[in-house]
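As provided, upload27.txt (compact mmCIF, C-alpha atoms) reads as follows.
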# COMPACT_ATOMS: atom_id res chain seq x y z
CA MET A 1 17.11 25.73 26.22
CA ILE A 2 18.90 24.49 23.11
CA GLN A 3 22.66 24.70 22.91
CA LEU A 4 24.97 24.09 19.99
CA GLU A 5 28.61 24.03 21.01
CA ASN A 6 31.32 24.15 18.35
CA VAL A 7 29.12 22.19 16.01
CA SER A 8 30.34 21.22 12.56
CA LYS A 9 28.56 18.99 10.12
CA ARG A 10 30.03 17.51 7.02
CA TYR A 11 28.24 15.56 4.31
CA LEU A 12 31.06 13.54 2.68
CA VAL A 13 33.33 16.36 1.54
CA LYS A 14 30.84 19.18 1.75
CA LYS A 15 30.82 21.25 4.91
CA ALA A 16 27.25 22.14 5.87
CA LEU A 17 27.94 23.74 9.24
CA ASN A 18 31.22 25.15 10.41
CA ASN A 19 31.88 25.57 14.12
CA VAL A 20 28.46 26.89 15.10
CA ASN A 21 27.76 28.14 18.60
CA LEU A 22 24.17 28.91 19.45
CA GLN A 23 21.96 29.28 22.48
CA ILE A 24 18.22 29.28 21.99
CA GLU A 25 16.15 30.46 24.93
CA PRO A 26 12.66 29.01 25.43
CA GLY A 27 9.43 30.94 24.97
CA HIS A 28 10.12 32.45 21.59
CA ILE A 29 9.29 32.03 17.93
CA ILE A 30 12.64 31.96 16.22
CA GLY A 31 13.30 32.29 12.53
CA LEU A 32 16.30 30.52 11.11
CA ILE A 33 17.08 32.40 7.92
CA GLY A 34 19.74 32.38 5.24
CA SER A 35 20.27 31.59 1.59
CA ASN A 36 19.74 28.12 0.13
CA GLY A 37 22.51 25.85 1.32
CA SER A 38 23.43 28.07 4.28
CA GLY A 39 22.79 25.28 6.80
CA LYS A 40 19.24 25.93 8.04
CA SER A 41 17.83 22.46 7.50
CA THR A 42 20.99 20.85 8.81
CA THR A 43 20.69 22.87 12.01
CA LEU A 44 17.08 21.78 12.51
CA LYS A 45 17.88 18.13 11.83
CA LEU A 46 20.72 18.25 14.35
CA ILE A 47 18.41 19.66 17.03
CA ALA A 48 15.78 17.04 16.18
CA GLY A 49 18.42 14.34 16.61
CA LEU A 50 17.89 13.10 13.07
CA ILE A 51 21.55 13.52 12.15
CA ARG A 52 24.66 13.70 14.29
CA PRO A 53 27.26 16.43 14.29
CA SER A 54 30.68 15.62 12.84
CA LYS A 55 32.14 17.71 15.65
CA GLY A 56 30.76 19.40 18.74
CA THR A 57 27.61 18.80 20.81
CA VAL A 58 23.94 19.61 20.48
CA LEU A 59 21.98 19.76 23.74
CA VAL A 60 18.24 20.08 24.25
CA GLU A 61 17.35 20.93 27.84
CA GLY A 62 20.75 19.58 28.79
CA LYS A 63 20.32 16.27 26.98
CA LEU A 64 22.33 15.15 24.00
CA ALA A 65 20.22 15.39 20.86
CA ASN A 66 19.99 11.82 19.59
CA ARG A 67 17.05 9.84 18.29
CA ARG A 68 15.42 9.74 21.68
CA ILE A 69 15.25 13.55 21.81
CA CYS A 70 12.01 13.27 19.79
CA ALA A 71 10.27 13.05 23.17
CA LYS A 72 11.02 16.78 23.53
CA VAL A 73 11.10 17.88 19.92
CA ALA A 74 8.46 17.83 17.18
CA TYR A 75 9.92 18.10 13.73
CA LEU A 76 8.07 19.12 10.59
CA SER A 77 10.00 18.04 7.53
CA GLU A 78 10.02 20.07 4.35
CA LEU A 79 9.22 16.83 2.57
CA ASP A 80 5.88 15.08 2.67
CA ALA A 81 6.32 12.22 5.09
CA TYR A 82 3.21 10.17 5.56
CA TYR A 83 1.41 7.25 4.00
CA SER A 84 -0.53 8.39 0.96
CA PHE A 85 -3.08 5.57 1.29
CA PHE A 86 -4.12 6.79 4.75
CA THR A 87 -7.08 9.10 5.18
CA VAL A 88 -6.65 12.34 7.13
CA GLU A 89 -8.15 10.64 10.16
CA GLN A 90 -5.89 7.58 9.87
CA THR A 91 -2.87 9.87 9.63
CA VAL A 92 -3.87 11.59 12.86
CA ASP A 93 -4.47 8.18 14.49
CA PHE A 94 -1.07 7.03 13.33
CA TYR A 95 0.64 10.03 14.93
CA ALA A 96 -1.41 9.56 18.09
CA ARG A 97 -0.14 5.99 18.37
CA THR A 98 3.43 6.95 17.55
CA PHE A 99 3.85 9.79 20.03
CA SER A 100 2.72 9.45 23.62
CA ASP A 101 2.61 13.25 23.96
CA PHE A 102 0.11 13.54 21.10
CA ASN A 103 -2.93 15.55 22.18
CA ARG A 104 -5.92 14.07 20.38
CA GLU A 105 -8.30 16.83 21.44
CA LYS A 106 -5.97 19.53 20.22
CA ALA A 107 -5.57 17.65 16.92
CA GLU A 108 -9.35 17.73 16.45
CA GLU A 109 -9.42 21.45 17.10
CA ILE A 110 -6.63 22.13 14.63
CA LEU A 111 -8.24 19.86 12.03
CA GLN A 112 -11.38 21.95 12.30
CA PHE A 113 -9.46 25.19 12.20
CA MET A 114 -7.65 24.05 9.06
CA LYS A 115 -10.94 22.87 7.52
CA LEU A 116 -9.63 19.44 6.62
CA ASP A 117 -11.98 16.63 5.64
CA ARG A 118 -11.03 13.67 7.81
CA ALA A 119 -12.38 11.07 5.38
CA GLN A 120 -10.24 12.19 2.47
CA LYS A 121 -7.22 10.15 1.42
CA VAL A 122 -3.87 11.86 1.78
CA LYS A 123 -2.99 11.12 -1.85
CA ASP A 124 -6.10 13.03 -2.98
CA LEU A 125 -5.31 16.15 -0.98
CA SER A 126 -4.06 19.34 -2.63
CA LYS A 127 -0.57 20.51 -1.75
CA GLY A 128 -2.07 23.20 0.49
CA SER A 129 -4.13 20.66 2.39
CA ARG A 130 -1.17 18.31 2.77
CA ALA A 131 0.79 21.22 4.24
CA ARG A 132 -2.08 21.93 6.64
CA LEU A 133 -2.22 18.28 7.68
CA LYS A 134 1.49 18.39 8.50
CA ILE A 135 0.83 21.40 10.70
CA VAL A 136 -2.00 19.55 12.46
CA VAL A 137 0.09 16.55 13.42
CA THR A 138 3.07 18.69 14.44
CA LEU A 139 1.22 21.24 16.57
CA ALA A 140 -0.92 18.60 18.27
CA ARG A 141 2.10 17.28 20.12
CA ASP A 142 2.63 18.62 23.64
CA VAL A 143 6.37 19.08 23.40
CA PRO A 144 8.59 21.96 24.49
CA PHE A 145 10.23 22.42 21.09
CA ILE A 146 8.61 22.56 17.67
CA LEU A 147 10.86 22.68 14.63
CA MET A 148 9.45 23.48 11.21
CA ASP A 149 11.43 23.26 8.03
CA GLU A 150 9.92 25.56 5.39
CA PRO A 151 6.30 25.34 6.57
CA LEU A 152 5.20 28.01 4.06
CA SER A 153 7.14 27.26 0.90
CA GLY A 154 5.24 26.71 -2.32
CA LEU A 155 1.84 27.54 -0.80
CA ASP A 156 -0.72 30.13 -1.83
CA PRO A 157 -1.28 33.24 0.34
CA MET A 158 -4.52 31.94 1.85
CA VAL A 159 -2.89 28.71 3.00
CA ARG A 160 0.13 30.65 4.28
CA GLN A 161 -2.13 32.91 6.36
CA SER A 162 -4.10 30.00 7.74
CA ILE A 163 -0.83 28.37 8.80
CA ILE A 164 0.40 31.57 10.47
CA ARG A 165 -2.90 32.01 12.31
CA GLY A 166 -2.94 28.32 13.19
CA LEU A 167 0.51 28.63 14.69
CA LEU A 168 -0.52 31.61 16.78
CA SER A 169 -3.73 29.93 17.88
CA PHE A 170 -2.34 26.60 18.95
CA ILE A 171 1.05 27.21 20.47
CA ASP A 172 1.64 28.13 24.06
CA LEU A 173 4.77 30.24 24.35
CA GLU A 174 4.80 29.84 28.11
CA ARG A 175 5.62 26.21 27.57
CA GLN A 176 6.74 25.97 23.97
CA THR A 177 9.38 27.29 21.62
CA ILE A 178 9.18 27.30 17.85
CA ILE A 179 12.08 27.37 15.45
CA LEU A 180 11.24 27.63 11.79
CA THR A 181 13.12 28.13 8.56
CA THR A 182 11.67 30.21 5.77
CA HIS A 183 12.33 32.44 2.80
CA GLU A 184 8.98 34.22 3.17
CA LEU A 185 10.60 36.85 5.34
CA ALA A 186 8.21 39.76 4.90
CA GLU A 187 5.26 37.58 5.71
CA ILE A 188 6.77 35.80 8.67
CA GLU A 189 8.48 38.81 10.26
CA PRO A 190 5.63 39.89 12.59
CA LEU A 191 5.32 36.30 13.78
CA LEU A 192 8.94 36.06 14.92
CA ASP A 193 10.62 37.63 17.87
CA THR A 194 14.15 36.46 17.17
CA VAL A 195 16.11 35.67 14.03
CA ILE A 196 19.25 33.66 13.53
CA LEU A 197 21.03 34.45 10.28
CA LEU A 198 23.14 31.73 8.71
CA LYS A 199 25.61 32.16 5.87
CA ASP A 200 27.86 29.45 4.45
CA GLY A 201 27.37 27.23 7.48
CA THR A 202 28.14 29.85 10.10
CA VAL A 203 25.98 32.06 12.30
CA VAL A 204 26.35 35.65 11.10
CA ALA A 205 23.96 37.23 13.61
CA THR A 206 21.32 36.54 16.23
CA GLU A 207 18.96 39.46 16.78
CA ARG A 208 15.59 40.47 18.12
CA ILE A 209 13.29 41.59 15.31
CA GLU A 210 12.26 44.69 17.20
CA SER A 211 15.81 45.80 17.82
CA ILE A 212 16.65 45.46 14.12
CA ARG A 213 13.75 47.79 13.39
CA ASP A 214 14.51 50.04 16.31
CA LYS A 215 18.26 50.48 15.95
CA GLU A 216 18.94 49.80 12.31
CA LYS A 217 15.60 51.04 10.93
CA LEU A 218 15.48 48.03 8.67
CA ASN A 219 12.97 45.33 8.01
CA LEU A 220 14.05 41.72 7.99
CA VAL A 221 14.51 41.43 4.22
CA ASP A 222 16.75 44.51 4.01
CA TRP A 223 18.67 43.46 7.10
CA MET A 224 19.40 40.05 5.63
CA VAL A 225 20.50 41.53 2.30
CA LYS A 226 22.74 44.01 4.11
CA ASN A 227 24.37 41.25 6.15
CA TYR A 228 24.93 39.15 3.05
CA GLU A 229 26.54 42.00 1.15
CA GLN A 230 29.14 42.63 3.81
CA MET B 231 -6.72 39.73 6.14
CA ILE B 232 -3.71 40.48 8.27
CA GLU B 233 -2.98 44.20 8.04
CA PRO B 234 0.66 44.73 7.02
CA PHE B 235 3.12 46.73 9.11
CA ASN B 236 5.30 49.47 7.78
CA PRO B 237 8.85 48.29 7.43
CA SER B 238 11.13 50.49 9.48
CA SER B 239 9.52 51.15 12.86
CA PRO B 240 9.12 48.55 15.60
CA ILE B 241 5.97 46.45 15.38
CA TYR B 242 5.02 46.95 19.03
CA LEU B 243 4.94 50.73 18.51
CA GLN B 244 2.74 50.32 15.45
CA LEU B 245 0.38 48.13 17.49
CA CYS B 246 0.25 50.86 20.16
CA GLU B 247 -0.61 53.42 17.47
CA ARG B 248 -3.38 51.25 16.08
CA ILE B 249 -4.94 50.88 19.50
CA LYS B 250 -4.62 54.59 20.29
CA ASN B 251 -6.21 55.45 16.96
CA LYS B 252 -9.11 53.18 17.77
CA ILE B 253 -9.58 54.92 21.10
CA ILE B 254 -9.47 58.37 19.51
CA ARG B 255 -11.86 57.33 16.76
CA GLY B 256 -14.19 55.99 19.41
CA SER B 257 -14.29 52.39 18.26
CA LEU B 258 -12.68 51.52 21.59
CA VAL B 259 -14.54 53.52 24.23
CA PRO B 260 -13.09 54.53 27.61
CA GLY B 261 -13.49 51.72 30.11
CA SER B 262 -13.86 48.99 27.49
CA ARG B 263 -11.80 45.83 27.54
CA LEU B 264 -8.97 45.30 25.09
CA PRO B 265 -8.68 41.89 23.42
CA SER B 266 -6.43 39.46 25.28
CA VAL B 267 -2.81 39.19 24.20
CA ARG B 268 -3.57 35.91 22.53
CA GLU B 269 -6.64 37.24 20.70
CA LEU B 270 -4.80 40.25 19.35
CA ALA B 271 -1.80 38.11 18.38
CA ILE B 272 -3.99 35.80 16.31
CA ASP B 273 -5.99 38.66 14.89
CA SER B 274 -3.02 40.73 13.78
CA GLY B 275 -0.66 37.86 12.98
CA VAL B 276 1.87 39.13 15.49
CA ASN B 277 4.10 37.31 17.95
CA PRO B 278 2.46 37.22 21.41
CA ASN B 279 5.64 38.54 23.02
CA THR B 280 5.42 41.61 20.77
CA VAL B 281 1.76 42.15 21.68
CA GLN B 282 2.71 41.81 25.33
CA ARG B 283 5.29 44.54 24.87
CA ALA B 284 2.75 46.84 23.20
CA TYR B 285 0.32 46.31 26.09
CA HIS B 286 3.07 47.01 28.57
CA GLU B 287 3.87 50.25 26.76
CA LEU B 288 0.22 51.36 26.76
CA GLU B 289 -0.10 50.58 30.43
CA GLU B 290 3.10 52.46 31.23
CA SER B 291 1.79 55.58 29.52
CA GLY B 292 -1.51 55.32 31.36
CA VAL B 293 -3.64 54.79 28.26
CA THR B 294 -4.76 51.42 29.57
CA VAL B 295 -5.25 49.96 32.99
CA LYS B 296 -4.66 46.35 33.87
CA LYS B 297 -7.14 44.79 36.26
CA ARG B 298 -5.98 41.62 37.87
CA GLY B 299 -7.70 38.56 36.53
CA GLN B 300 -9.96 40.60 34.28
CA GLY B 301 -7.77 41.94 31.53
CA THR B 302 -6.66 45.27 30.13
CA PHE B 303 -9.06 48.21 29.91
CA VAL B 304 -9.00 51.62 28.23
CA THR B 305 -8.50 54.32 30.83
CA GLU B 306 -11.46 56.47 31.85
CA ASP B 307 -9.25 59.35 32.89
CA PRO B 308 -10.33 62.22 30.59
CA GLU B 309 -7.04 64.04 31.08
CA ILE B 310 -4.97 61.15 29.72
CA LEU B 311 -7.33 60.68 26.80
CA GLU B 312 -7.18 64.38 25.96
CA GLN B 313 -3.38 64.34 26.25
CA MET B 314 -3.23 61.39 23.88
CA ARG B 315 -5.49 63.13 21.39
CA ARG B 316 -3.41 66.26 21.51
CA ALA B 317 -0.16 64.35 21.11
CA LEU B 318 -1.50 62.61 18.02
CA LEU B 319 -2.74 65.91 16.60
CA CYS B 320 0.67 67.51 17.17
CA ARG B 321 2.38 64.62 15.47
CA HIS B 322 0.23 64.81 12.37
CA ILE B 323 0.63 68.58 12.13
CA ASN B 324 4.35 68.24 12.62
CA HIS B 325 4.52 65.72 9.81
CA PHE B 326 2.37 67.86 7.53
CA VAL B 327 4.29 71.06 8.16
CA ARG B 328 7.61 69.32 7.64
CA GLN B 329 6.47 67.98 4.29
CA MET B 330 5.12 71.37 3.21
CA LYS B 331 8.40 73.03 4.19
CA ASP B 332 10.28 70.35 2.31
CA ILE B 333 8.59 71.50 -0.87
CA GLY B 334 9.47 75.11 -0.09
CA CYS B 335 6.22 76.48 1.41
CA THR B 336 6.42 79.36 3.87
CA GLU B 337 4.28 79.39 7.02
CA ALA B 338 1.96 82.00 5.53
CA GLU B 339 1.53 79.90 2.42
CA ILE B 340 0.72 76.83 4.47
CA VAL B 341 -1.96 78.68 6.44
CA LYS B 342 -3.39 80.23 3.27
CA SER B 343 -3.49 76.98 1.35
CA LEU B 344 -5.13 75.23 4.28
CA ASN B 345 -7.81 77.94 4.44
CA ASP B 346 -8.29 77.74 0.68
CA TYR B 347 -8.58 73.99 0.91
CA PHE B 348 -11.29 74.18 3.54
CA LYS B 349 -13.17 76.84 1.60
CA GLN B 350 -13.11 74.76 -1.55
CA ASN B 351 -14.28 71.66 0.26
CA GLU B 352 -16.92 73.45 2.31
CA GLY B 353 -20.08 71.49 2.62
CA GLY B 354 -18.04 68.34 2.14
CA GLU B 355 -18.09 65.84 4.94
CA GLY B 356 -14.91 67.24 6.47
CA GLN B 357 -12.54 64.46 5.59
CA SER B 358 -9.42 64.42 7.65
Show me the file's structure as structure tokens.
Amino acid sequence: MIQLENVSKRYLVKKALNNVNLQIEPGHIIGLIGSNGSGKSTTLKLIAGLIRPSKGTVLVEGKLANRRICAKVAYLSELDAYYSFFTVEQTVDFYARTFSDFNREKAEEILQFMKLDRAQKVKDLSKGSRARLKIVVTLARDVPFILMDEPLSGLDPMVRQSIIRGLLSFIDLERQTIILTTHELAEIEPLLDTVILLKDGTVVATERIESIRDKEKLNLVDWMVKNYEQ
Amino acid sequence: MIEPFNPSSPIYLQLCERIKNKIIRGSLVPGSRLPSVRELAIDSGVNPNTVQRAYHELEESGVTVKKRGQGTFVTEDPEILEQMRRALLCRHINHFVRQMKDIGCTEAEIVKSLNDYFKQNEGGEGQS
């Protein structure tokens, strides 16, 4: 379980998160949604232990989220973060050496699924292939929590679908939990079971997708718009 | 291609409908095995927990039977299959009649226009 208790985060004078309380149960695919600047990436970085809260505590399975929490959490950055002079294969090797939980076999499977050429240099890959490579090295880690910051943004529909299918093929919800941020709501909706809606650094709502559809008769896009208009 | 879902009803119910339609159409025959939760999740691009819920729903209503260690199978009980067919038929008729009444048709008109329609399309391949 992930717990945020009275968490605030300030960047110099700008408040990114304001007194957030959250509990994230394991075994789900959770969408963290909200407008640009609502605090989605900040929330993920806090859980990944990459930044520290200005106030409050962030716990992952009862442990304070600091830099050592990366043993439990895989984090996919929205930025490209690898060495461009590496080949695909060298990138995978690098991750395998860096993380003791890295599952080499699984990485091979995902590489094949994503149709990546292991001899190609990262700097020569298309944006879509770089995005796929990021998915490979993130999903190949056997960790309980996988965080993905904008895994679909700026990609064509074929790449987006291969990423969605890849996610479904290579995660194990009995042991893993995924939290991802996205603006591609219509596309990602069937993949999620829970959404957390952020607005101006606060949590507006946490809901099950199916109960939004069931009770409010709304899809995710309309539900978000409605919540933002209030 | 991942088939899209319609926006306002729960996804697990739409999955149930898709499976029932396949059974009625005969592309899933009585006694055959349904794909595993994982297979269907990947195939339809849907969260495995949602697929699980759809399977639970189908099992609850008797349309499928779960055999331990083997998977989920379409029931071979003709009564349940017939019931399911009739329920679907009723629902479609209900929907059709409501729409016809919405545009001001009387019952007699509906029956007449249906008959006319079938006469006109006689010899056609009986599209539904």
Near stretch 140-153 of chain A, counting only C-alpha atoms, which residues have an atom at most 8 Å away, once you skip same-chain residues fewer than 2 positions from it, shown as an MDAnalysis selection string? chainID A and resid 41 44 48 71:78 99 101:104 106:107 110 131 135:138 155 160 163 175:184
At a cut-off of 9 Å, list the chain B residues touching chain A, using only C-alpha atoms, as a list in words.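 Written out as asked, the residues are Met231, Ile232, Pro234, Phe235, Asn236, Pro237, Ser238, Ser239, Pro240, Ile241, Tyr242, Arg268, Glu269, Ala271, Ile272, Asp273, Ser274, Gly275, Val276, Asn277, Pro278, Asn279 and Thr280 of chain B.
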### Message
Counting only C-alpha atoms, which residues have an atom no more than 8 Å from (19.9, 27.5, 20.7) in the file's coordinates? Please list them as a count of residues only.
### Response
8
One decimal place gives the atom CA of B:Leu243-atom CA of B:Arg315 separation as 16.5 Å
Separating atom CA of A:Ile33 from atom CA of A:Leu198, to the nearest tenth of an Å, is a gap of 6.1 Å
If you count all atoms listed in the file, the residue of B:Thr336, B:Ser262, B:Gln329, B:Asn345 closest to B:Thr305 turns out to be B:Ser262
A straight line from atom CA of A:Lys123 to atom CA of A:Gly154 spans 17.6 Å
Of B:Arg263, B:His325, B:Lys342, B:Arg248, the one sitting nearest B:Lys297 when using only C-alpha atoms is B:Arg263
Would you list the contacts of A:Ile69 as a PyMOL selection string, taking every protein, DNA or RNA residue within 8 Å and counting only C-alpha atoms, but skipping same-chain residues closer than 5 positions in sequence?
chain A and resi 48-49+60+63-64
Write the residues of the selection above to a file with C-alpha atoms, as a short mmCIF file (atom, residue, chain, number, x, y, z; two decimals), in the coordinates of the input.
data_model
loop_
_atom_site.label_atom_id
_atom_site.label_comp_id
_atom_site.auth_asym_id
_atom_site.auth_seq_id
_atom_site.Cartn_x
_atom_site.Cartn_y
_atom_site.Cartn_z
CA ALA A 48 15.78 17.04 16.18
CA GLY A 49 18.42 14.34 16.61
CA VAL A 60 18.24 20.08 24.25
CA LYS A 63 20.32 16.27 26.98
CA LEU A 64 22.33 15.15 24.00
#
* Can you work out which one of A:Val225, A:Val203, A:Ala16, A:Leu125 has the shortest atom-to-atom distance to A:Ser54, counting all atoms listed in the file? =>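 Of A:Val225, A:Val203, A:Ala16, A:Leu125, the one nearest A:Ser54 is A:Ala16, counting all atoms listed in the file.
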